[in-house]
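Enquirer: First, the structure itself, so that you have it in front of you.
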Amino acid sequence: MKKHILTAIVVVLTACSSPNDIILGPEPLQQMAEQGDKFKSMSEDDRKLLVAYLTANRIGKAFGADVQSPVGRTVGEVMKDAHAWKEKVKAAEVTEKKKADEALALKAKIEAERKAISARIEAMVTISVLNKHVLSKNYDLGRYNELLMISYALENKSQKKIKQIKGIVSFVDATGDPVGELHVDFDQPIKAGATIMTDTGSGWRTNQFSNGNIEKIANRENSSMTGKFTPLSIAFDDGEVLRAPE
């Protein structure tokens, strides 16, 4: 009889010693740290998952999220929630990766279309960046800031009159590193087969308190940098327009 009683006590104690039966208190993570021996029979993966879930739960609660508190519940009950949370995290990661891949694919497609349109425009017109110069202030002329001016040569190689061209002029230093870039709008007609010399009209006002693209280009010697014009759109006198996607 005594043997049966002792066996029953051992069985009960063994059952209660399962980490799944541990009731979590107000500080579950601290409890795990302080009572490590009680959790050591859990697999390493389960312990890591429990810690990750408890951490996420605490962070979510701190930011006002509607999460179920683990306090007063057994480890086994909380682990069910932890596994469900893990699956949601995996699903979210898959969704985010899919979105990132789609964004990269779209970016690559747009870039390819931009290059294709630019190549078509470049086959119709050649735009050479000649030099840059800076006009000093002249209050008599109403010029209250120094002006960056860039000169170009444009050759219309098409059979149609060009009405307008837009694009980006970019400068690189002797090693090929970027100096700066600016958007340019050639809003003047160019007859078929004609070549014109022009600048950017009113130019760009420099700012002595800034060091942006305008100032970087303006302050650098012509001999120490090279300019290139990349066309993005062109309009012909007959109404045809080619435009690279943004």
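Going by the structure tokens order, chains are called A, B, ..., each with residues numbered from 1, while ligands are numbered from 1 in the order shown.
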Find the spatial neighbours of segment 76-93 of chain A, counting only C-alpha atoms, within a cut-off of 8 Å - ignore same-chain residues fewer than 3 positions away - and output them as an NGL selection string.
Expert: :A and (19-22 or 49-50 or 53 or 70 or 73 or 96-97)
Enquirer: Please dump the current selection as an mmCIF file, in the first residue's frame; keep N, CA, C and O atoms.
Expert:
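See result.cif below for the written result:
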data_model
loop_
_atom_site.group_PDB
_atom_site.id
_atom_site.type_symbol
_atom_site.label_atom_id
_atom_site.label_comp_id
_atom_site.auth_asym_id
_atom_site.auth_seq_id
_atom_site.Cartn_x
_atom_site.Cartn_y
_atom_site.Cartn_z
ATOM 1 N N PRO A 19 7.597 22.085 -17.495
ATOM 2 C CA PRO A 19 7.638 23.537 -17.669
ATOM 3 C C PRO A 19 6.330 24.083 -18.241
ATOM 4 O O PRO A 19 6.009 25.249 -18.023
ATOM 5 N N ASN A 20 5.600 23.250 -18.955
ATOM 6 C CA ASN A 20 4.323 23.699 -19.516
ATOM 7 C C ASN A 20 3.305 24.047 -18.432
ATOM 8 O O ASN A 20 2.345 24.774 -18.687
ATOM 9 N N ASP A 21 3.511 23.517 -17.207
ATOM 10 C CA ASP A 21 2.567 23.761 -16.111
ATOM 11 C C ASP A 21 2.938 24.987 -15.278
ATOM 12 O O ASP A 21 2.194 25.383 -14.384
ATOM 13 N N ILE A 22 4.093 25.563 -15.575
ATOM 14 C CA ILE A 22 4.525 26.743 -14.810
ATOM 15 C C ILE A 22 3.581 27.909 -15.095
ATOM 16 O O ILE A 22 3.260 28.209 -16.245
ATOM 17 N N LEU A 49 11.723 30.710 -28.648
ATOM 18 C CA LEU A 49 10.428 31.187 -29.120
ATOM 19 C C LEU A 49 9.656 31.856 -28.000
ATOM 20 O O LEU A 49 9.045 32.924 -28.202
ATOM 21 N N LEU A 50 9.692 31.259 -26.810
ATOM 22 C CA LEU A 50 8.973 31.832 -25.676
ATOM 23 C C LEU A 50 9.532 33.209 -25.322
ATOM 24 O O LEU A 50 8.776 34.161 -25.092
ATOM 25 N N TYR A 53 8.516 35.684 -28.017
ATOM 26 C CA TYR A 53 7.087 36.024 -27.930
ATOM 27 C C TYR A 53 6.816 36.934 -26.741
ATOM 28 O O TYR A 53 6.081 37.917 -26.855
ATOM 29 N N PRO A 70 0.379 37.325 -20.814
ATOM 30 C CA PRO A 70 0.756 35.975 -20.395
ATOM 31 C C PRO A 70 0.665 35.783 -18.884
ATOM 32 O O PRO A 70 0.745 34.656 -18.393
ATOM 33 N N ARG A 73 -1.122 32.795 -16.709
ATOM 34 C CA ARG A 73 -1.375 31.667 -17.605
ATOM 35 C C ARG A 73 -0.192 30.717 -17.560
ATOM 36 O O ARG A 73 0.925 31.089 -17.207
ATOM 37 N N GLU A 96 6.212 40.749 -47.011
ATOM 38 C CA GLU A 96 7.127 41.878 -47.155
ATOM 39 C C GLU A 96 8.189 41.592 -48.209
ATOM 40 O O GLU A 96 8.556 42.480 -48.990
ATOM 41 N N LYS A 97 8.693 40.359 -48.240
ATOM 42 C CA LYS A 97 9.700 39.991 -49.238
ATOM 43 C C LYS A 97 9.109 40.060 -50.638
ATOM 44 O O LYS A 97 9.759 40.528 -51.589
#
Enquirer: Just list as a list in words whatever in segment 188-246 of chain A DSSP marks as alpha helix (DSSP H).
Expert: Asn213, Ile214, Glu215, Lys216, Ile217 and Ala218 of chain A
Enquirer: Keeping N, CA and C atoms, export the residues of the selection given above as a short mmCIF file (atom, residue, chain, number, x, y, z; two decimals), in the first residue's frame.
Expert:
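Done, and the output landed in selection38.cif:
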data_model
loop_
_atom_site.label_atom_id
_atom_site.label_comp_id
_atom_site.auth_asym_id
_atom_site.auth_seq_id
_atom_site.Cartn_x
_atom_site.Cartn_y
_atom_site.Cartn_z
N ASN A 213 23.65 70.88 -55.11
CA ASN A 213 24.13 70.57 -56.46
C ASN A 213 24.59 71.81 -57.20
N ILE A 214 23.80 72.88 -57.09
CA ILE A 214 24.14 74.12 -57.80
C ILE A 214 25.51 74.64 -57.35
N GLU A 215 25.70 74.72 -56.05
CA GLU A 215 26.94 75.28 -55.50
C GLU A 215 28.13 74.37 -55.80
N LYS A 216 27.94 73.06 -55.73
CA LYS A 216 29.05 72.13 -55.99
C LYS A 216 29.53 72.25 -57.43
N ILE A 217 28.58 72.39 -58.35
CA ILE A 217 28.96 72.54 -59.76
C ILE A 217 29.58 73.91 -60.00
N ALA A 218 28.96 74.94 -59.42
CA ALA A 218 29.44 76.31 -59.62
C ALA A 218 30.85 76.52 -59.08
#
Enquirer: Would you mind listing what lies within 10 Å of Pro178 of chain A as a ChimeraX atom specification, with only C-alpha atoms counted and same-chain residues fewer than 4 positions away left out?
Expert: /A:170-174,213,225-226
Enquirer: Report as a PyMOL selection string: the residues of segment 38-207 of chain A with a DSSP assignment of strand (DSSP E or B), based on the backbone of this structure.
Expert: chain A and resi 74+125-135+138+143+147-156+162-173+178-186+190+195-198+204-205
Enquirer: So that I can check the surroundings of segment 103-112 of chain A, please list as number ranges by chain every protein, DNA and RNA residue that reaches within 9 Å of it, counting only C-alpha atoms and ignoring chain neighbours fewer than 6 positions away.
Expert: A: 244-246
Enquirer: Between A:Ser136, A:Thr206, A:Ser118, A:Asn222, which one has atoms that come closest to Val179 of chain A, using only C-alpha atoms?
Expert: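 Closest candidate: A:Asn222.
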Enquirer: When you count only C-alpha atoms, which of these residues is closest to Lys137 of chain A: A:Asn207, A:Thr74, A:Lys38, A:Asp187?
Expert: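 Comparing A:Asn207, A:Thr74, A:Lys38, A:Asp187 against Lys137 of chain A, the winner is A:Asn207.
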Enquirer: At what distance in Å, to one decimal, does atom CA of Gln188 of chain A lie from atom CA of Ile162 of chain A?
Expert: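 Those two atoms sit 8.1 Å apart.
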Enquirer: I'd like the interatomic distance between atom CA of Ala192 of chain A and atom CA of His133 of chain A, to a tenth of an Å.
Expert: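 That distance, rounded to one decimal, is 29.0 Å.
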Enquirer: At a cut-off of 12 Å, can you tabulate as a tab-separated table every residue of segment 84-131 of chain A near segment 145-149 of chain A together with its closest atom pair and the distance in Å to one decimal, using only C-alpha atoms and ordering rows by chain then number?
Expert:
residue	atom	partner	partner_atom	distance
A:Val129	CA	A:Met149	CA	11.3
A:Leu130	CA	A:Met149	CA	10.9
A:Asn131	CA	A:Met149	CA	8.5
Enquirer: Would you compute the distance between atom CA of Ile234 of chain A and atom CA of Glu181 of chain A? Give it in Å to one decimal.
Expert: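 That distance, rounded to one decimal, is 19.1 Å.
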Enquirer: Check the smallest atom-to-atom distance from each of A:Lys98, A:Gly167, A:Glu27, A:Ser223 to Ile117 of chain A using only C-alpha atoms, then report the winner.
Expert: A:Gly167
